[in-house]
file final_5.cif (mmCIF, C-alpha atoms)
data_input
#
loop_
_atom_site.label_atom_id
_atom_site.label_comp_id
_atom_site.auth_asym_id
_atom_site.auth_seq_id
_atom_site.Cartn_x
_atom_site.Cartn_y
_atom_site.Cartn_z
CA MET A 1 -15.84 32.13 22.91
CA MET A 2 -18.59 33.90 24.83
CA SER A 3 -19.04 36.30 21.91
CA VAL A 4 -18.97 33.45 19.39
CA PHE A 5 -21.78 31.64 21.21
CA ILE A 6 -23.76 34.88 21.53
CA ARG A 7 -23.50 35.31 17.75
CA LEU A 8 -24.37 31.65 17.12
CA ALA A 9 -27.53 32.02 19.23
CA GLY A 10 -28.90 34.07 16.33
CA ASP A 11 -32.00 36.24 16.36
CA VAL A 12 -32.63 36.46 20.11
CA PRO A 13 -33.17 39.89 21.76
CA THR A 14 -30.08 41.36 23.44
CA ALA A 15 -31.69 41.46 26.90
CA GLU A 16 -32.60 37.78 26.61
CA LYS A 17 -29.04 36.88 25.61
CA ALA A 18 -27.66 38.83 28.57
CA PHE A 19 -30.16 37.19 30.94
CA PHE A 20 -29.20 33.66 29.97
CA ARG A 21 -25.48 34.48 29.96
CA ASN A 22 -25.76 35.78 33.54
CA ILE A 23 -28.18 33.20 34.95
CA VAL A 24 -25.50 30.55 34.33
CA ALA A 25 -22.88 32.66 36.13
CA LEU A 26 -25.32 33.33 38.97
CA ALA A 27 -25.99 29.61 39.44
CA MET A 28 -22.32 28.61 39.27
CA VAL A 29 -21.10 31.29 41.65
CA GLY A 30 -24.04 30.69 43.99
CA VAL A 31 -22.97 27.04 44.29
CA LEU A 32 -19.34 28.06 44.88
CA LEU A 33 -20.37 30.51 47.62
CA ALA A 34 -22.47 27.82 49.31
CA VAL A 35 -19.70 25.20 49.10
CA LYS A 36 -17.06 27.61 50.43
CA ARG A 37 -19.53 28.98 53.00
CA VAL A 38 -18.82 32.57 52.02
CA PRO A 39 -21.35 34.91 53.69
CA LEU A 40 -23.52 36.98 51.36
CA LYS A 41 -22.99 40.21 53.30
CA PRO A 42 -20.29 42.34 51.64
CA GLU A 43 -17.39 43.90 53.51
CA LYS A 44 -18.01 47.24 55.22
CA GLY A 45 -18.03 50.12 52.72
CA SER A 46 -18.31 47.83 49.67
CA TRP A 47 -21.90 48.53 48.66
CA PRO A 48 -21.27 51.67 46.54
CA PHE A 49 -18.54 49.89 44.59
CA ILE A 50 -20.49 46.63 44.22
CA THR A 51 -23.40 48.70 42.90
CA GLY A 52 -21.12 50.60 40.50
CA ARG A 53 -19.62 47.34 39.25
CA ALA A 54 -23.09 45.85 38.71
CA VAL A 55 -24.59 48.90 36.96
CA PHE A 56 -21.68 49.66 34.63
CA GLY A 57 -20.97 45.97 34.04
CA THR A 58 -24.57 45.41 32.94
CA ILE A 59 -24.53 48.46 30.66
CA GLY A 60 -21.23 47.33 29.16
CA LEU A 61 -22.52 43.78 28.65
CA LEU A 62 -25.74 44.87 26.93
CA LEU A 63 -23.92 47.28 24.62
CA ASN A 64 -21.29 44.67 23.84
CA PHE A 65 -23.91 42.05 22.95
CA TYR A 66 -25.67 44.58 20.71
CA ALA A 67 -22.36 45.25 18.94
CA VAL A 68 -21.64 41.51 18.62
CA ASP A 69 -25.02 41.07 16.90
CA HIS A 70 -24.52 43.92 14.42
CA LEU A 71 -20.78 44.12 13.65
CA VAL A 72 -18.12 41.83 12.32
CA LEU A 73 -17.29 39.75 15.39
CA ALA A 74 -13.60 40.72 15.41
CA ASP A 75 -14.49 44.44 15.36
CA ALA A 76 -17.04 44.05 18.17
CA ASN A 77 -14.50 42.19 20.31
CA MET A 78 -11.76 44.75 19.62
CA LEU A 79 -14.04 47.56 20.76
CA ASN A 80 -14.93 45.63 23.91
CA LYS A 81 -11.24 45.04 24.59
CA LEU A 82 -10.81 48.79 25.02
CA SER A 83 -11.94 48.17 28.60
CA PRO A 84 -8.40 47.96 30.08
CA PHE A 85 -7.58 51.37 28.60
CA PHE A 86 -10.74 52.88 30.04
CA ALA A 87 -9.84 51.22 33.35
CA ILE A 88 -6.56 53.19 33.29
CA LEU A 89 -8.50 56.43 32.78
CA PHE A 90 -11.10 55.73 35.46
CA SER A 91 -8.50 54.53 37.95
CA ILE A 92 -7.25 58.14 38.06
CA TRP A 93 -10.64 59.25 39.38
CA LEU A 94 -11.73 56.24 41.44
CA LEU A 95 -8.43 54.95 42.80
CA ARG A 96 -6.32 58.12 42.66
CA GLU A 97 -3.70 56.22 40.64
CA LYS A 98 -1.37 58.14 38.34
CA PRO A 99 -0.71 56.55 34.94
CA ASP A 100 2.82 56.67 33.53
CA GLY A 101 3.78 57.81 30.04
CA ALA A 102 3.52 54.31 28.55
CA GLN A 103 -0.03 53.92 29.86
CA ILE A 104 -1.06 57.33 28.51
CA GLY A 105 0.45 56.41 25.14
CA ALA A 106 -1.40 53.08 25.17
CA VAL A 107 -4.72 54.85 25.83
CA ALA A 108 -4.08 57.25 22.92
CA VAL A 109 -3.21 54.39 20.55
CA ALA A 110 -6.26 52.38 21.69
CA PHE A 111 -8.52 55.38 21.09
CA LEU A 112 -7.10 55.89 17.59
CA GLY A 113 -7.50 52.18 16.91
CA SER A 114 -11.15 52.32 17.95
CA LEU A 115 -11.70 55.18 15.50
CA CYS A 116 -10.26 52.99 12.74
CA ILE A 117 -12.80 50.29 13.62
CA MET A 118 -15.73 52.71 13.86
CA LYS A 119 -14.77 54.52 10.63
CA PRO A 120 -17.08 57.51 11.22
CA GLY A 121 -18.61 58.81 8.01
CA PHE A 122 -17.85 55.70 5.94
CA GLN A 123 -20.27 52.99 4.87
CA ASP A 124 -18.19 49.92 5.77
CA THR A 125 -19.07 49.73 9.46
CA PRO A 126 -22.52 50.49 10.94
CA PHE A 127 -21.85 53.53 13.10
CA LEU A 128 -24.46 52.96 15.83
CA PRO A 129 -23.36 49.38 16.64
CA ALA A 130 -19.71 50.52 16.58
CA LEU A 131 -20.57 53.32 19.00
CA ALA A 132 -22.40 50.79 21.20
CA GLY A 133 -19.27 48.61 21.17
CA PHE A 134 -17.10 51.60 22.11
CA PHE A 135 -19.35 52.56 25.04
CA GLY A 136 -19.66 48.88 25.97
CA GLY A 137 -15.88 48.80 26.36
CA MET A 138 -16.09 51.97 28.43
CA GLY A 139 -18.76 50.47 30.69
CA ALA A 140 -16.65 47.35 31.19
CA GLY A 141 -13.60 49.50 31.95
CA ILE A 142 -15.47 51.40 34.66
CA ALA A 143 -16.79 48.11 36.06
CA TYR A 144 -13.29 46.61 36.21
CA THR A 145 -12.04 49.70 38.02
CA PHE A 146 -14.72 49.10 40.67
CA VAL A 147 -13.59 45.46 40.84
CA ARG A 148 -10.03 46.58 41.55
CA LYS A 149 -11.26 48.96 44.25
CA LEU A 150 -13.23 46.11 45.82
CA GLY A 151 -10.18 43.85 45.66
CA ILE A 152 -8.10 46.46 47.46
CA GLN A 153 -10.78 46.56 50.18
CA GLY A 154 -10.60 42.76 50.55
CA GLU A 155 -14.00 41.98 49.04
CA ASP A 156 -14.53 38.34 48.06
CA SER A 157 -14.39 37.91 44.26
CA HIS A 158 -17.22 35.34 44.24
CA ARG A 159 -19.50 37.81 46.00
CA ILE A 160 -18.66 40.51 43.41
CA VAL A 161 -19.61 38.16 40.56
CA LEU A 162 -22.77 37.03 42.39
CA PHE A 163 -24.09 40.56 42.88
CA PHE A 164 -23.23 41.57 39.30
CA SER A 165 -24.93 38.49 37.88
CA ALA A 166 -28.01 38.91 40.09
CA PHE A 167 -28.34 42.60 39.22
CA SER A 168 -27.89 41.93 35.51
CA CYS A 169 -30.50 39.15 35.57
CA ALA A 170 -32.96 41.43 37.39
CA VAL A 171 -32.43 44.23 34.85
CA CYS A 172 -32.78 41.89 31.86
CA LEU A 173 -35.70 39.85 33.19
CA PRO A 174 -38.50 42.27 32.10
CA GLY A 175 -37.11 42.38 28.55
CA THR A 176 -36.80 38.60 28.56
CA LEU A 177 -40.40 38.13 29.76
CA PHE A 178 -42.14 40.77 27.67
CA SER A 179 -40.26 40.44 24.39
CA HIS A 180 -39.53 36.75 24.74
CA ALA A 181 -38.42 35.24 21.46
CA PRO A 182 -39.11 31.52 21.14
CA MET A 183 -35.80 29.67 21.02
CA SER A 184 -34.73 26.32 19.73
CA LEU A 185 -32.86 23.94 22.02
CA GLN A 186 -29.74 24.68 19.98
CA GLN A 187 -30.07 28.43 20.62
CA LEU A 188 -30.62 27.81 24.32
CA GLY A 189 -27.55 25.56 24.34
CA PHE A 190 -25.45 28.30 22.73
CA LEU A 191 -26.64 30.80 25.35
CA MET A 192 -25.81 28.38 28.17
CA LEU A 193 -22.33 27.92 26.65
CA SER A 194 -21.92 31.71 26.45
CA GLY A 195 -22.71 31.88 30.17
CA LEU A 196 -20.23 29.12 30.92
CA CYS A 197 -17.48 30.91 28.97
CA GLY A 198 -18.39 34.26 30.54
CA CYS A 199 -18.27 32.77 34.01
#
call {"tool": "encode", "arguments": {"input": "final_5.cif", "output": "structure tokens"}}
result
Amino acid sequence: MMSVFIRLAGDVPTAEKAFFRNIVALAMVGVLLAVKRVPLKPEKGSWPFITGRAVFGTIGLLLNFYAVDHLVLADANMLNKLSPFFAILFSIWLLREKPDGAQIGAVAVAFLGSLCIMKPGFQDTPFLPALAGFFGGMGAGIAYTFVRKLGIQGEDSHRIVLFFSAFSCAVCLPGTLFSHAPMSLQQLGFLMLSGLCGC
């Protein structure tokens, strides 16, 4: 539904869409943290992983939104849903986990499936947006691997979402301010709904 509302928002710059999607999450999680009285300071040793989650999550989000705007919605979502398979790959490096044969097979099948969606060399699918969707899924997969690492360390999930949302808003704010596209109330409503679904 988040992707559907992003598409329905129409001709709004990608950075602006990402900003409004994340400002809703930032507000909601900020309220939850205040109500639950969760301190803002992360657990000891969490900063590198919170930063990694925020950076790669933001890259993945921006690339995914670009793909959603330029591909058939189902294709864009399928490419983004490669993230669990990338999480398996990056968990080898970040978490020192060893995938089993079924997981390796699933990664291979997912990669072949993504090639079918991207259709390199054919005219049916725009290659650049498909590539953005592929790397968006990769960025999300890396981000989710950082989330798992933070979970293992006992980091509060609300704090993880708060820092990701705040970082993403900060990164997208200049693009939102300097290339601001006037929006209708309907478009703003769709972006708020995308944030609600994303949160």
call {"tool": "residues_around", "arguments": {"input": "final_5.cif", "residues": "Asn77 (chain A)", "least_positions_apart": "5", "cutoff": "10 Å", "atoms": "only C-alpha atoms", "output": "list in words"}}
result
Ser3, Val4, Asn64, Phe65, Ala67, Val68, Leu71, Val72, Leu82, Gly133, Phe134 and Gly137 of chain A
call {"tool": "resolve_selection", "arguments": {"input": "final_5.cif", "expression": "the PyMOL selection byres ((chain A and resi 162-173) around 7)", "output": "PyMOL selection string"}}
result
chain A and resi 15-16+18-19+22-23+25-26+29-30+53-54+58+158-161+174-177
call {"tool": "residues_around", "arguments": {"input": "final_5.cif", "residues": "Gly10 (chain A)", "least_positions_apart": "5", "cutoff": "12 Å", "atoms": "only C-alpha atoms", "output": "ChimeraX atom specification"}}
result
/A:3-5,16-17,65-66,68-70,181-184,186-191
call {"tool": "closest_residue", "arguments": {"input": "final_5.cif", "among": "A:Ala110, A:Met192, A:Leu61, A:Ile50", "to": "Phe146 (chain A)", "atoms": "only C-alpha atoms"}}
result
A:Ile50
call {"tool": "resolve_selection", "arguments": {"input": "final_5.cif", "expression": "the PyMOL selection byres ((chain A and resi 2) around 9)", "output": "list of chain:residue names"}}
result
A:Met1, A:Ser3, A:Val4, A:Phe5, A:Ile6, A:Arg7, A:Arg21, A:Leu191, A:Leu193, A:Ser194, A:Gly195, A:Leu196, A:Cys197, A:Gly198
call {"tool": "write_last_selection", "arguments": {"input": "final_5.cif", "atoms": "C-alpha atoms", "output": "short mmCIF file (atom, residue, chain, number, x, y, z; two decimals), in the coordinates of the input"}}
result
data_model
loop_
_atom_site.label_atom_id
_atom_site.label_comp_id
_atom_site.auth_asym_id
_atom_site.auth_seq_id
_atom_site.Cartn_x
_atom_site.Cartn_y
_atom_site.Cartn_z
CA MET A 1 -15.84 32.13 22.91
CA SER A 3 -19.04 36.30 21.91
CA VAL A 4 -18.97 33.45 19.39
CA PHE A 5 -21.78 31.64 21.21
CA ILE A 6 -23.76 34.88 21.53
CA ARG A 7 -23.50 35.31 17.75
CA ARG A 21 -25.48 34.48 29.96
CA LEU A 191 -26.64 30.80 25.35
CA LEU A 193 -22.33 27.92 26.65
CA SER A 194 -21.92 31.71 26.45
CA GLY A 195 -22.71 31.88 30.17
CA LEU A 196 -20.23 29.12 30.92
CA CYS A 197 -17.48 30.91 28.97
CA GLY A 198 -18.39 34.26 30.54
#
call {"tool": "atom_distance", "arguments": {"input": "final_5.cif", "atom1": "CA of Gly105 (chain A)", "atom2": "CA of Met78 (chain A)"}}
result
17.8 Å
call {"tool": "closest_residue", "arguments": {"input": "final_5.cif", "among": "A:Ala87, A:Leu115, A:Met28, A:Leu79", "to": "Gln103 (chain A)", "atoms": "all atoms listed in the file"}}
result
A:Ala87
call {"tool": "atom_distance", "arguments": {"input": "final_5.cif", "atom1": "CA of Gly52 (chain A)", "atom2": "CA of Arg96 (chain A)"}}
result
16.7 Å
call {"tool": "atom_distance", "arguments": {"input": "final_5.cif", "atom1": "CA of Pro126 (chain A)", "atom2": "CA of Leu73 (chain A)"}}
result
12.7 Å
call {"tool": "axis_aligned_box", "arguments": {"input": "final_5.cif", "around": "region 150-154 of chain A", "padding_each_side": "6 Å", "output": "lines of an AutoDock Vina configuration file"}}
result
center_x = -10.7
center_y = 44.7
center_z = 48.1
size_x = 17.1
size_y = 15.8
size_z = 16.9
call {"tool": "closest_residue", "arguments": {"input": "final_5.cif", "among": "A:Phe111, A:Phe86, A:Ala74, A:Glu155", "to": "Gly141 (chain A)", "atoms": "all atoms listed in the file"}}
result
A:Phe86
call {"tool": "residues_around", "arguments": {"input": "final_5.cif", "residues": "Lys44 (chain A)", "least_positions_apart": "5", "cutoff": "12 Å", "atoms": "only C-alpha atoms", "output": "PyMOL selection string"}}
result
chain A and resi 49-50+150+153-156
call {"tool": "closest_residue", "arguments": {"input": "final_5.cif", "among": "A:Val55, A:Leu40, A:Ile142, A:Ala102", "to": "Leu89 (chain A)", "atoms": "all atoms listed in the file"}}
result
A:Ile142
call {"tool": "residues_around", "arguments": {"input": "final_5.cif", "residues": "Ile88 (chain A)", "least_positions_apart": "2", "cutoff": "12 Å", "atoms": "all atoms listed in the file", "output": "PyMOL selection string"}}
result
chain A and resi 82-86+90-108+110+138+140-146+148
call {"tool": "build_atoms", "arguments": {"input": "final_5.cif", "residues": "region 150-165 of chain A", "atoms": "N, CA, C and O atoms", "output": "mmCIF file, in the frame of the given file"}}
result
data_model
loop_
_atom_site.group_PDB
_atom_site.id
_atom_site.type_symbol
_atom_site.label_atom_id
_atom_site.label_comp_id
_atom_site.auth_asym_id
_atom_site.auth_seq_id
_atom_site.Cartn_x
_atom_site.Cartn_y
_atom_site.Cartn_z
ATOM 1 N N LEU A 150 -12.697 47.104 44.897
ATOM 2 C CA LEU A 150 -13.230 46.110 45.820
ATOM 3 C C LEU A 150 -12.161 45.113 46.251
ATOM 4 O O LEU A 150 -12.116 44.694 47.408
ATOM 5 N N GLY A 151 -11.288 44.747 45.328
ATOM 6 C CA GLY A 151 -10.180 43.850 45.660
ATOM 7 C C GLY A 151 -9.239 44.457 46.679
ATOM 8 O O GLY A 151 -8.772 43.777 47.605
ATOM 9 N N ILE A 152 -8.958 45.750 46.504
ATOM 10 C CA ILE A 152 -8.100 46.460 47.460
ATOM 11 C C ILE A 152 -8.728 46.459 48.852
ATOM 12 O O ILE A 152 -8.039 46.353 49.862
ATOM 13 N N GLN A 153 -10.062 46.539 48.898
ATOM 14 C CA GLN A 153 -10.780 46.560 50.180
ATOM 15 C C GLN A 153 -10.940 45.159 50.779
ATOM 16 O O GLN A 153 -11.480 45.011 51.879
ATOM 17 N N GLY A 154 -10.507 44.123 50.029
ATOM 18 C CA GLY A 154 -10.600 42.760 50.550
ATOM 19 C C GLY A 154 -11.921 42.076 50.304
ATOM 20 O O GLY A 154 -12.235 41.070 50.942
ATOM 21 N N GLU A 155 -12.705 42.602 49.351
ATOM 22 C CA GLU A 155 -14.000 41.980 49.040
ATOM 23 C C GLU A 155 -13.791 40.646 48.326
ATOM 24 O O GLU A 155 -12.903 40.506 47.493
ATOM 25 N N ASP A 156 -14.618 39.671 48.658
ATOM 26 C CA ASP A 156 -14.530 38.340 48.060
ATOM 27 C C ASP A 156 -14.950 38.398 46.581
ATOM 28 O O ASP A 156 -16.015 38.940 46.262
ATOM 29 N N SER A 157 -14.128 37.827 45.696
ATOM 30 C CA SER A 157 -14.390 37.910 44.260
ATOM 31 C C SER A 157 -15.676 37.176 43.861
ATOM 32 O O SER A 157 -16.403 37.620 42.965
ATOM 33 N N HIS A 158 -15.988 36.079 44.546
ATOM 34 C CA HIS A 158 -17.220 35.340 44.240
ATOM 35 C C HIS A 158 -18.451 36.199 44.527
ATOM 36 O O HIS A 158 -19.436 36.172 43.788
ATOM 37 N N ARG A 159 -18.382 36.960 45.621
ATOM 38 C CA ARG A 159 -19.500 37.810 46.000
ATOM 39 C C ARG A 159 -19.687 38.931 44.959
ATOM 40 O O ARG A 159 -20.816 39.291 44.617
ATOM 41 N N ILE A 160 -18.582 39.457 44.442
ATOM 42 C CA ILE A 160 -18.660 40.510 43.410
ATOM 43 C C ILE A 160 -19.375 39.969 42.184
ATOM 44 O O ILE A 160 -20.281 40.612 41.643
ATOM 45 N N VAL A 161 -18.991 38.773 41.737
ATOM 46 C CA VAL A 161 -19.610 38.160 40.560
ATOM 47 C C VAL A 161 -21.080 37.849 40.831
ATOM 48 O O VAL A 161 -21.942 38.050 39.973
ATOM 49 N N LEU A 162 -21.384 37.368 42.032
ATOM 50 C CA LEU A 162 -22.770 37.030 42.390
ATOM 51 C C LEU A 162 -23.671 38.249 42.293
ATOM 52 O O LEU A 162 -24.739 38.192 41.672
ATOM 53 N N PHE A 163 -23.247 39.367 42.894
ATOM 54 C CA PHE A 163 -24.090 40.560 42.880
ATOM 55 C C PHE A 163 -24.221 41.140 41.472
ATOM 56 O O PHE A 163 -25.302 41.591 41.085
ATOM 57 N N PHE A 164 -23.146 41.106 40.697
ATOM 58 C CA PHE A 164 -23.230 41.570 39.300
ATOM 59 C C PHE A 164 -24.209 40.710 38.518
ATOM 60 O O PHE A 164 -25.078 41.224 37.815
ATOM 61 N N SER A 165 -24.072 39.402 38.636
ATOM 62 C CA SER A 165 -24.930 38.490 37.880
ATOM 63 C C SER A 165 -26.394 38.635 38.290
ATOM 64 O O SER A 165 -27.292 38.645 37.443
#
